[in-house]
Every structure is written in structure tokens, then in C-alpha cells.
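Accompanying notes for the structure given below.
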Amino acid sequence: MSAAEPIARTRTGFVAIVGRPNVGKSTLLNALVGEHVSITSRKPQTTRHRVLGVLTRAADAQPARQFIFVDTPGFQRTHKSLLTRRMNETVRAALAEVDAIVLVIDARGWTREDETVLELLPPECAERGNVVLALNKTDEVADRDALLPLLAASAQRFPFAALVPISAEKGRQLDDLLAELGKLLPEGEPLFDADQFTDRSVRFLAAELIREKAFRLLGDELPYGLTVTIDRWEEGEGRAVIAATLVVDRESHKAIVIGAHGAKLREIGRLARIDIERLVDKPVFLETHVRVRRGWSDDERALKQFGYE
Ligand SMILES: Nc1nc2c(ncn2[C@@H]2O[C@H](COP(=O)(O)OP(=O)(O)OP(=O)(O)O)[C@@H](O)[C@H]2O)c(=O)[nH]1
Ligand SMILES: [Mg+2]
């Protein structure tokens, strides 16, 4: 190595994943990190919190890189409740404090909602060149040639640092995306241990896993008025005993969550328990209850109590 050659250094940085609801941001975060950090579902507005997912790469030939991905709620164009307003604030705050941004759109084309998110990017991003466009769900695109005009049109819209077609669900082209993002990480020492994959507690992750199963098993109308609290968490004798409450905002929703003879609630609990056991690596006894708290998603105190700050 000649003296003039720069010494390769460790790079560490925050990368926000933003986009409209349901484009696959959380699926992408999980695929990049290789862990079920952020919950996903077919329903829009699944993610409500800022969730970090950490990927540490220490290849022999290359300097170490630590990507700290920030999953964000899908940005919504209208505020339906205090909760949606909070979710949008979470997106704005994340954008302001990161080193790089992945804007996720659907590979089938731009929508008005995507443009709204593009307009949300801090003005200095264009100059800094720290935004990568990920065109997700390429597995749904029958004609790959159709992507070419979309790539060209996207480059016209904004000076993206790179445009990468991906499939988060099938794990396609994720290394290409990481290679582009790696260039945008600033030099710096890792902030998380190599085996740490999120900043969130197992308690938070467990509550989210229960919410995920409820989102997946319940009808369209319900999930937006549903949240989960963990009321008891005891670990011992080789197992964990957890009590959780699914909180709904209407009396009529309680019966729907419970289902005929309790079947729905049992299934939500069974699926969540399997995932929580994997998380804590021991058998779990999960007790679930349903409670009504009217109008909680518009109630400042309730939002705070349920962890939406
Ligand atoms: N076909 C296909 N589906 C995908 C892909 N990525 C995500 N999905 C699906 O898209 C839906 C939404 O995924 P999420 O990851 O929850 O989307 P999100 O952008 O985080 O949604 P919000 O949190 O609600 O904003 C789920 O049903 C995913 O399985 C993909 O690459 N291909
Ligand atoms: Mg999400």
C-alpha cells in the first residue's frame, strides 16, 4: 500500500426507510437485518413507532459497516386522529436526524401519495445526494422491461444517489441496495454491539407481535382502533409468563376480537406465543384479555399511556 492510499475506515450511520403506507418498508427492514424486528401486514398503517434495526457487517477484506435502519410509519396525507398526527411527526423527526434515506415506492409506478413523501424530504437532501430510491415488489412486475421507463422518469423527479429495483419479500437485490447505502455512511465507530439487532425491548417487541397477529387475523375496520399493552412479565423456571391486553376503542369491537367461543383471540394468542418463544428462547405462557377504552386514539393521555409519544 502506498502512503497516499487512504486507509479504509469503519463506517456507521442511520438510514431512514420512508414511504407511503403499505409499500413494504417494514418487510424491507426485516429482510435487511435478518430478524423480525418490525411488524408487517397486508393492511396499511401497520407501523406506528420508530423502530431501529441494526445490521453490522464485518467482512475480512472490507472495513466494518454498521447500518442503523430506522423504520417509520407510512406517511399519511390526512390526519384521521391524534394517533395519525403522531405517526406523521415520527416520520418527519426521523428524516431530520439520519445520514441517508431510502424512499420506497412500488415498482409498478409513482402515486400521488409517493410524491407527498418525496416533498417531505429535507431540502438539503438534493444537494447532499443521500437519498436512494428503492422500487419494491419487483416480483409483482410481469414485464421487467417496463421498469426501464420508470427508472428514467424517477431520475427526472429527483437527484437520487441511486435507483435500485428490489423485492423485499423475496430478498432480491438487497445486496445492491446495501452497496449503495454503504457509500453514504459516514466514518465512525459502531454504536451497537455486533449481535444487537434493535434498540427496542423484548417487552415492546412482544406487544407488537400480538398486534401483528391481530392485524393479520381481524377485518379491515378493526386494527386502527386496536393497541396492545403488556400487563405482566415474569421469567423463571425455564419459562416466561406474560399477560397482555388488546385494547379496542368500541364496545362492538370487543366481541369481534374475542370471536365465536373465544376462537379469534385464542388464534391471535397462539400465533403470537410461537413468535415470542423464538424471541425469548424459552417456552411462553401467554394470557390475553380484551378491554374497551373509548376513543383512545384521539386521547392525549391514553396515547402516552400506550407508548405513542
Ligand atoms: N409481492 C410483494 N409483496 C411485498 C413485498 N414487500 C412487502 N410486501 C407486502 O406488502 C404488504 C405491506 O408490507 P409492510 O412491510 O407491512 O409495509 P409498510 O410499508 O411497512 O406498511 P406500513 O407500516 O403500514 O406503512 C405486506 O402484505 C407484505 O407482505 C415484495 O417485495 N413483494
Ligand atoms: Mg411498516
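Simple scheme: letters A, B, ... for chains in C-alpha cells order, numbers from 1 for residues in each chain, numbers from 1 for ligands in the order shown.
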Task: Distance filter 7 Å around ligand 2, atoms: only C-alpha atoms and all ligand atoms, out as a count of residues only - done: 14
Task: Non-local contacts of Pro123 in chain A (12 Å; only C-alpha atoms; under 5 positions in same chain excluded) as a ChimeraX atom specification - done: /A:95-96,118,128-131,158-159
- [ ] Enumerate as a PyMOL selection string the residues within 10 Å of ligand 1, counting only C-alpha atoms and all ligand atoms.
- [x] chain A and resi 17-31+38-49+71-76+87+104-107+135-141+165-172+212+216
- [ ] Do a neighbour search on Leu246 in chain A at 8 Å with only C-alpha atoms, toss out local chain neighbours closer than 5 positions, and write the hits as a PyMOL selection string.
- [x] chain A and resi 211+226-229+288-291
Open item on the list: What's around Ala161 in chain A at 12 Å? Count only C-alpha atoms, leave out sequence neighbours fewer than 4 positions away in its own chain, and write the answer as a list in words.
Closed with: Ala100, Ile101, Val102, Leu103, Cys125, Ala126, Glu127, Arg128, Gly129, Asn130, Val131, Val132, Leu133, Ala134, Ser154, Ala155, Leu177, Ala179, Glu180, Leu181, Gly182, Lys183 and Leu184 of chain A
Selection from above, all heavy atoms, as a compact mmCIF listing (two decimals), in the first residue's frame, can you write it?
```txt
# COMPACT_ATOMS: atom_id res chain seq x y z
N ALA A 100 -28.67 8.94 5.78
CA ALA A 100 -29.14 8.55 4.45
C ALA A 100 -30.61 8.16 4.54
O ALA A 100 -31.13 7.89 5.62
CB ALA A 100 -28.32 7.39 3.90
N ILE A 101 -31.27 8.18 3.37
CA ILE A 101 -32.71 7.89 3.33
C ILE A 101 -32.98 6.89 2.21
O ILE A 101 -32.44 7.03 1.10
CB ILE A 101 -33.51 9.19 3.08
CG1 ILE A 101 -33.35 10.15 4.27
CG2 ILE A 101 -34.98 8.89 2.81
CD1 ILE A 101 -33.77 11.58 3.99
N VAL A 102 -33.80 5.89 2.49
CA VAL A 102 -34.32 5.03 1.43
C VAL A 102 -35.78 5.41 1.25
O VAL A 102 -36.58 5.27 2.18
CB VAL A 102 -34.26 3.52 1.79
CG1 VAL A 102 -34.75 2.69 0.61
CG2 VAL A 102 -32.87 3.11 2.20
N LEU A 103 -36.11 5.92 0.08
CA LEU A 103 -37.52 6.17 -0.23
C LEU A 103 -38.02 4.94 -0.97
O LEU A 103 -37.47 4.55 -2.00
CB LEU A 103 -37.65 7.43 -1.11
CG LEU A 103 -39.06 7.71 -1.65
CD1 LEU A 103 -40.06 7.93 -0.53
CD2 LEU A 103 -39.04 8.93 -2.57
N CYS A 125 -31.37 17.56 1.07
CA CYS A 125 -31.12 16.19 0.59
C CYS A 125 -30.67 16.16 -0.87
O CYS A 125 -29.81 15.36 -1.25
CB CYS A 125 -32.38 15.34 0.72
SG CYS A 125 -32.64 14.75 2.39
N ALA A 126 -31.29 17.02 -1.69
CA ALA A 126 -30.95 17.02 -3.12
C ALA A 126 -29.46 17.32 -3.29
O ALA A 126 -28.77 16.67 -4.08
CB ALA A 126 -31.80 18.05 -3.84
N GLU A 127 -28.97 18.29 -2.53
CA GLU A 127 -27.57 18.68 -2.63
C GLU A 127 -26.65 17.63 -2.02
O GLU A 127 -25.60 17.32 -2.56
CB GLU A 127 -27.39 20.02 -1.92
CG GLU A 127 -26.23 20.82 -2.46
CD GLU A 127 -26.25 22.21 -1.84
OE1 GLU A 127 -27.31 22.87 -1.89
OE2 GLU A 127 -25.21 22.58 -1.27
N ARG A 128 -27.06 17.10 -0.88
CA ARG A 128 -26.24 16.09 -0.21
C ARG A 128 -26.19 14.79 -1.00
O ARG A 128 -25.24 14.02 -0.88
CB ARG A 128 -26.82 15.77 1.19
CG ARG A 128 -26.39 16.75 2.25
CD ARG A 128 -27.02 16.38 3.60
NE ARG A 128 -26.38 15.22 4.21
CZ ARG A 128 -26.80 14.66 5.34
NH1 ARG A 128 -27.86 15.12 5.95
NH2 ARG A 128 -26.17 13.61 5.86
N GLY A 129 -27.22 14.54 -1.80
CA GLY A 129 -27.25 13.30 -2.58
C GLY A 129 -27.28 12.06 -1.71
O GLY A 129 -26.57 11.09 -1.95
N ASN A 130 -28.11 12.09 -0.67
CA ASN A 130 -28.12 10.96 0.26
C ASN A 130 -29.45 10.20 0.27
O ASN A 130 -29.80 9.55 1.24
CB ASN A 130 -27.78 11.44 1.68
CG ASN A 130 -28.82 12.40 2.24
OD1 ASN A 130 -29.63 12.94 1.49
ND2 ASN A 130 -28.81 12.60 3.54
N VAL A 131 -30.19 10.31 -0.85
CA VAL A 131 -31.47 9.59 -0.94
C VAL A 131 -31.39 8.51 -2.02
O VAL A 131 -31.06 8.80 -3.17
CB VAL A 131 -32.63 10.55 -1.26
CG1 VAL A 131 -33.96 9.79 -1.23
CG2 VAL A 131 -32.66 11.72 -0.30
N VAL A 132 -31.69 7.28 -1.63
CA VAL A 132 -31.73 6.17 -2.59
C VAL A 132 -33.19 5.78 -2.80
O VAL A 132 -33.95 5.69 -1.84
CB VAL A 132 -30.92 4.96 -2.05
CG1 VAL A 132 -31.12 3.73 -2.92
CG2 VAL A 132 -29.44 5.32 -1.95
N LEU A 133 -33.56 5.59 -4.05
CA LEU A 133 -34.93 5.16 -4.34
C LEU A 133 -34.95 3.63 -4.48
O LEU A 133 -34.20 3.07 -5.29
CB LEU A 133 -35.43 5.79 -5.65
CG LEU A 133 -36.89 5.46 -6.00
CD1 LEU A 133 -37.86 6.18 -5.05
CD2 LEU A 133 -37.21 5.81 -7.45
N ALA A 134 -35.79 2.98 -3.67
CA ALA A 134 -35.96 1.52 -3.79
C ALA A 134 -37.31 1.28 -4.44
O ALA A 134 -38.34 1.72 -3.93
CB ALA A 134 -35.88 0.86 -2.42
N SER A 154 -38.12 8.37 -12.82
CA SER A 154 -37.82 8.61 -11.41
C SER A 154 -36.57 9.48 -11.27
O SER A 154 -36.52 10.38 -10.41
CB SER A 154 -37.59 7.28 -10.68
OG SER A 154 -38.73 6.47 -10.78
N ALA A 155 -35.59 9.23 -12.12
CA ALA A 155 -34.35 10.02 -12.07
C ALA A 155 -34.62 11.48 -12.44
O ALA A 155 -33.92 12.39 -11.98
CB ALA A 155 -33.30 9.42 -13.00
N LEU A 177 -28.75 -2.80 -2.91
CA LEU A 177 -29.22 -1.66 -2.11
C LEU A 177 -28.22 -1.35 -0.99
O LEU A 177 -27.86 -0.19 -0.77
CB LEU A 177 -30.60 -2.00 -1.53
CG LEU A 177 -31.27 -0.91 -0.68
CD1 LEU A 177 -31.51 0.35 -1.49
CD2 LEU A 177 -32.59 -1.42 -0.09
N ALA A 179 -25.05 -1.98 -0.96
CA ALA A 179 -23.81 -1.44 -1.52
C ALA A 179 -23.97 0.07 -1.74
O ALA A 179 -23.07 0.86 -1.43
CB ALA A 179 -23.48 -2.14 -2.83
N GLU A 180 -25.12 0.48 -2.24
CA GLU A 180 -25.36 1.92 -2.47
C GLU A 180 -25.43 2.68 -1.15
O GLU A 180 -24.89 3.77 -1.02
CB GLU A 180 -26.67 2.13 -3.25
CG GLU A 180 -26.64 1.59 -4.68
CD GLU A 180 -25.58 2.26 -5.56
OE1 GLU A 180 -25.12 3.36 -5.21
OE2 GLU A 180 -25.21 1.66 -6.58
N LEU A 181 -26.11 2.09 -0.17
CA LEU A 181 -26.26 2.76 1.13
C LEU A 181 -24.93 2.83 1.88
O LEU A 181 -24.66 3.81 2.58
CB LEU A 181 -27.32 2.06 1.98
CG LEU A 181 -28.74 2.16 1.44
CD1 LEU A 181 -29.68 1.27 2.24
CD2 LEU A 181 -29.22 3.61 1.47
N GLY A 182 -24.11 1.79 1.70
CA GLY A 182 -22.80 1.75 2.36
C GLY A 182 -21.95 2.96 1.99
O GLY A 182 -21.22 3.50 2.81
N LYS A 183 -22.10 3.41 0.74
CA LYS A 183 -21.32 4.58 0.28
C LYS A 183 -21.74 5.85 1.01
O LYS A 183 -20.99 6.82 1.06
CB LYS A 183 -21.54 4.81 -1.22
CG LYS A 183 -21.07 3.68 -2.10
CD LYS A 183 -21.42 4.02 -3.55
CE LYS A 183 -21.38 2.79 -4.43
NZ LYS A 183 -22.05 3.00 -5.73
N LEU A 184 -22.95 5.86 1.54
CA LEU A 184 -23.48 7.08 2.16
C LEU A 184 -23.25 7.13 3.68
O LEU A 184 -23.56 8.13 4.33
CB LEU A 184 -24.99 7.20 1.87
CG LEU A 184 -25.36 7.26 0.38
CD1 LEU A 184 -26.87 7.21 0.21
CD2 LEU A 184 -24.80 8.52 -0.25
```
Task: Filtered DSSP result for range 48-130 of chain A, state alpha helix (DSSP H), as a list in words - done: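 Restricting range 48-130 of chain A to alpha helix (DSSP H) produces Leu82, Leu83, Thr84, Arg85, Arg86, Met87, Asn88, Glu89, Thr90, Val91, Arg92, Ala93, Ala94, Leu95, Ala96, Arg112, Glu113, Asp114, Glu115, Thr116, Val117, Leu118, Glu119, Leu120, Cys125, Ala126, Glu127 and Arg128 of chain A.
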Task: Atom-to-atom span, CA of Ile268 in chain A and CA of Ser297 in chain A, Å - done: 21.7 Å
- [ ] Can you work out the spacing between CA of Ile258 in chain A and CA of His79 in chain A in Å, to one decimal?
- [x] 29.0 Å
Task: For Leu52 in chain A: contacts at 6 Å, only C-alpha atoms, fewer than 4 positions along chain excluded, given as a ChimeraX atom specification - done: /A:69-70,198-199
Output file for the residues above (C-alpha atoms, as an mmCIF file, in the first residue's frame):
```
data_model
loop_
_atom_site.group_PDB
_atom_site.id
_atom_site.type_symbol
_atom_site.label_atom_id
_atom_site.label_comp_id
_atom_site.auth_asym_id
_atom_site.auth_seq_id
_atom_site.Cartn_x
_atom_site.Cartn_y
_atom_site.Cartn_z
ATOM 1 C CA PHE A 69 -32.056 1.378 9.840
ATOM 2 C CA VAL A 70 -34.965 3.468 11.065
ATOM 3 C CA THR A 198 -32.720 -3.436 17.655
ATOM 4 C CA ASP A 199 -32.990 -0.718 20.298
#
```
Which neighbours of Thr56 in chain A fall inside 6 Å, counting only C-alpha atoms, when residues of the same chain fewer than 4 positions from it are skipped, and could you give them as a compact mmCIF listing (two decimals) with N, CA and C atoms, in the first residue's frame?
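Full text of part-v8.txt as output:
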```
# COMPACT_ATOMS: atom_id res chain seq x y z
N ARG A 65 -18.99 -2.18 8.60
CA ARG A 65 -20.05 -1.18 8.38
C ARG A 65 -21.19 -1.49 9.33
N GLN A 66 -21.72 -0.46 9.96
CA GLN A 66 -22.92 -0.66 10.77
C GLN A 66 -24.03 0.23 10.22
N ALA A 194 -22.24 -6.00 17.93
CA ALA A 194 -22.45 -6.71 16.66
C ALA A 194 -23.66 -7.65 16.71
```
Task: 12 Å contact set for Leu217 in chain A, only C-alpha atoms, chain neighbours under 6 positions out, as a PyMOL selection string - done: chain A and resi 41-43+210-211+223+256-259+263-272
- [ ] May I ask for the distance between CA of Arg77 in chain A and CA of Glu97 in chain A, given in Å to one decimal place?
- [x]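 It comes out at 21.9 Å.
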TODO: Run DSSP on the backbone of this structure and report the residues of range 9-191 of chain A it assigns to strand (DSSP E or B), as a VMD selection string.
DONE: chain A and resid 11 to 18 51 to 57 65 to 71 100 to 106 131 to 136 162 to 165 167 172 187
Open item on the list: Restricting the calculation to only C-alpha atoms: of A:Ala16, A:Asp176, A:Lys80, A:Arg85, which residue gets closest to Val98 in chain A?
Closed with: A:Ala16
Open item on the list: For a quick check of understanding, using only C-alpha atoms, which of A:Glu89, A:Gly53, A:Gly13, A:Lys254 has the smallest distance to Glu309 in chain A?
Closed with: A:Glu89
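Counting only C-alpha atoms, the residue from A:Ser252, A:Thr245, A:Thr78, A:Gln173 that sits nearest to Ala207 in chain A is A:Thr245.
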Open item on the list: Considering only C-alpha atoms, can you say which of A:Gly34, A:Gly238, A:Gly307, A:Gly188 comes closest to Phe204 in chain A?
Closed with: A:Gly307
